[in-house]
Amino acid sequence: MYLSLNKLIPVHFVLCGTLITLSSSSWMMAWAGLEVNMMAFIPIILTNNKLSNESALKYFFIQASGSIIIFFSAVVLMQMTFSASMDVLNMLTINLIPLALMLKLGIAPTHFWFPQLVEGLSWFALMMLLTWQKIAPLFLMSAYNMTKSLIYMAVIFSAAVGAMGGLNQLMLKKILAYSSINHLAWMIMSTTISMNTLVVYFTVYVAITTSIILLLMSNNLTHLSQLMTNQYSLSLIATGLFLNLLSLGGLPPFLGFLPKWLILVVLMSNAVFMISFVLIMCSILTLYFYMRISFNSLMMNPKLSWFNKSLLPLTWPIKLLSMMPIITLPLMIMI
């Protein structure tokens, strides 16, 4: 006999934990909000799937490790004053909090847990992990005075790992996980520009990622081979995936190109050419495996009908959200 848990209760506490962190005035309150968020998200992960238990344990251990580092660093920073010297202990203690936040977000090189975790997640839990669960750590990273060397290391590693890690993946959830790691590189870089740039990039990323997950969740598509069957070719699902994946890759003139263009303009004006080159080249690699998914679903075994009765119908909100790259084309042209 299993006890059923209303998922709305842990979702409520997840929202409350994030709001506590965003409204906190000290690292202790921010740590408390992260703890509430972590403990409330674990029931959302748990399902009847056996892999969900393993994913919940992995998530707990990783997030708990990051929380311990944040708590320890906050205590040390409150009790000690550091000089401006380049002492190794000073640099390590100052950088422990952003390193712990990087571990919580799954930013490379602390990304090892993230792709394996998503295998056991439901589509709803994955959508929460890729969108809402990033808000609090990203806000704390933007508020922390990170060193340039740490920022550039995280950006280069995340862009490269997210691009190359998704090339040989066949599981759609893992592809979205590596895509998230790549986009985290852009988000970290946007924290050095302004909070408005980070908010614009994150909002666009959330809208596109949510649209893709809802399209995949509508017919429970989990593997790349499922999109290569005859019933999905030239369907509304395939068309929506094609548009949103190209937008997620940042292909102009779709909506996903706008925040990347804003970041690149600032980087080029500040003569940050090396980081700009790495971000552009890695975005091209991510666009490659996005297009591989798109062409497999849209052009393999094509049919002459745009509608197929064997597919579950999409609701109107999902249809409207999936057509967002086309709806926003006039905005991109005006800009």
# chains A, B, ... in the order shown; residues from 1 in each chain; ligands from 1

$ residues_around --residues "segment 197-200 of chain A" --least-positions-apart "3" --cutoff "10 Å" --atoms "only C-alpha atoms" --output "PyMOL selection string"
chain A and resi 135+138-139+142+186-194+203-205+258-260+262-263

$ residues_around --residues "Ile97 of chain A" --least-positions-apart "5" --cutoff "8 Å" --atoms "only C-alpha atoms" --output "list in words"
Ile69, Ile70, Ser73 and Ala74 of chain A

$ write_last_selection --atoms "all heavy atoms" --output "PDB file, in the first residue's frame"
ATOM      1  N   ILE A  69      28.511  23.449   1.922  1.00  0.00           N
ATOM      2  CA  ILE A  69      29.606  24.364   1.559  1.00  0.00           C
ATOM      3  C   ILE A  69      29.172  25.818   1.732  1.00  0.00           C
ATOM      4  O   ILE A  69      29.934  26.653   2.236  1.00  0.00           O
ATOM      5  CB  ILE A  69      30.057  24.092   0.111  1.00  0.00           C
ATOM      6  CG1 ILE A  69      30.624  22.678  -0.011  1.00  0.00           C
ATOM      7  CG2 ILE A  69      31.104  25.105  -0.331  1.00  0.00           C
ATOM      8  CD1 ILE A  69      30.941  22.259  -1.431  1.00  0.00           C
ATOM      9  N   ILE A  70      27.936  26.135   1.327  1.00  0.00           N
ATOM     10  CA  ILE A  70      27.437  27.504   1.480  1.00  0.00           C
ATOM     11  C   ILE A  70      27.342  27.879   2.962  1.00  0.00           C
ATOM     12  O   ILE A  70      27.745  28.982   3.368  1.00  0.00           O
ATOM     13  CB  ILE A  70      26.069  27.652   0.794  1.00  0.00           C
ATOM     14  CG1 ILE A  70      26.219  27.537  -0.727  1.00  0.00           C
ATOM     15  CG2 ILE A  70      25.422  28.992   1.149  1.00  0.00           C
ATOM     16  CD1 ILE A  70      24.904  27.548  -1.477  1.00  0.00           C
ATOM     17  N   SER A  73      30.877  28.356   4.369  1.00  0.00           N
ATOM     18  CA  SER A  73      31.492  29.580   3.851  1.00  0.00           C
ATOM     19  C   SER A  73      30.858  30.823   4.466  1.00  0.00           C
ATOM     20  O   SER A  73      31.555  31.803   4.766  1.00  0.00           O
ATOM     21  CB  SER A  73      31.362  29.626   2.328  1.00  0.00           C
ATOM     22  OG  SER A  73      31.956  28.488   1.741  1.00  0.00           O
ATOM     23  N   ALA A  74      29.535  30.793   4.649  1.00  0.00           N
ATOM     24  CA  ALA A  74      28.855  31.946   5.246  1.00  0.00           C
ATOM     25  C   ALA A  74      29.316  32.177   6.677  1.00  0.00           C
ATOM     26  O   ALA A  74      29.536  33.316   7.101  1.00  0.00           O
ATOM     27  CB  ALA A  74      27.346  31.741   5.198  1.00  0.00           C
TER      28      ALA A  74
END

$ select_by_dssp --residues "segment 83-156 of chain A" --states "helix (DSSP H, G or I)" --output "MDAnalysis selection string"
chainID A and resid 88:105 114:120 123:130 132:143 148:156

$ write_last_selection --atoms "C-alpha atoms" --output "compact mmCIF listing (two decimals), in the first residue's frame"
# COMPACT_ATOMS: atom_id res chain seq x y z
CA VAL A 88 45.52 30.85 -1.39
CA LEU A 89 43.29 30.44 1.69
CA ASN A 90 41.63 33.79 1.09
CA MET A 91 40.92 33.02 -2.57
CA LEU A 92 39.60 29.54 -1.77
CA THR A 93 37.25 30.76 0.96
CA ILE A 94 35.91 33.62 -1.17
CA ASN A 95 35.29 31.31 -4.13
CA LEU A 96 33.64 28.52 -2.14
CA ILE A 97 30.14 30.04 -2.31
CA PRO A 98 30.09 30.47 -6.12
CA LEU A 99 31.58 26.98 -6.51
CA ALA A 100 28.77 25.57 -4.35
CA LEU A 101 26.19 27.44 -6.42
CA MET A 102 27.81 26.07 -9.58
CA LEU A 103 27.46 22.56 -8.11
CA LYS A 104 23.78 23.17 -7.37
CA LEU A 105 23.13 24.45 -10.90
CA PHE A 114 23.08 16.48 -13.99
CA PRO A 115 22.74 14.33 -17.18
CA GLN A 116 22.40 11.10 -15.15
CA LEU A 117 19.80 12.65 -12.87
CA VAL A 118 17.34 13.58 -15.62
CA GLU A 119 16.87 9.97 -16.75
CA GLY A 120 14.62 9.17 -13.79
CA TRP A 123 8.50 15.53 -17.62
CA PHE A 124 7.01 17.86 -15.02
CA ALA A 125 9.97 17.40 -12.65
CA LEU A 126 12.37 17.97 -15.56
CA MET A 127 10.55 21.16 -16.51
CA MET A 128 10.82 22.40 -12.92
CA LEU A 129 14.51 21.46 -12.73
CA LEU A 130 15.42 23.20 -15.99
CA TRP A 132 12.30 27.29 -11.76
CA GLN A 133 15.10 25.53 -9.85
CA LYS A 134 17.68 27.76 -11.55
CA ILE A 135 16.22 31.05 -10.32
CA ALA A 136 17.56 31.14 -6.74
CA PRO A 137 21.17 29.98 -7.47
CA LEU A 138 21.44 32.28 -10.49
CA PHE A 139 20.22 35.23 -8.44
CA LEU A 140 22.80 34.50 -5.73
CA MET A 141 25.56 34.17 -8.31
CA SER A 142 24.62 37.51 -9.85
CA ALA A 143 24.64 39.15 -6.39
CA LYS A 148 36.81 37.10 -13.51
CA SER A 149 38.93 33.95 -13.73
CA LEU A 150 36.18 31.83 -12.12
CA ILE A 151 33.52 33.31 -14.42
CA TYR A 152 35.54 32.70 -17.56
CA MET A 153 36.41 29.15 -16.48
CA ALA A 154 32.74 28.33 -15.84
CA VAL A 155 31.64 29.90 -19.14
CA ILE A 156 34.22 28.08 -21.27

$ atom_distance --atom1 "atom CA of Phe295 of chain A" --atom2 "atom CA of Ala177 of chain A"
20.2 Å

$ closest_residue --among "A:Ser269, A:Thr18, A:Ser294, A:Asn53" --to "Leu243 of chain A" --atoms "only C-alpha atoms"
A:Ser294

$ residues_around --residues "Ala64 of chain A" --least-positions-apart "3" --cutoff "9 Å" --atoms "only C-alpha atoms" --output "MDAnalysis selection string"
chainID A and resid 35 38 59:61 67:69 104

$ atom_distance --atom1 "atom CA of Leu34 of chain A" --atom2 "atom CA of Asn182 of chain A"
23.3 Å
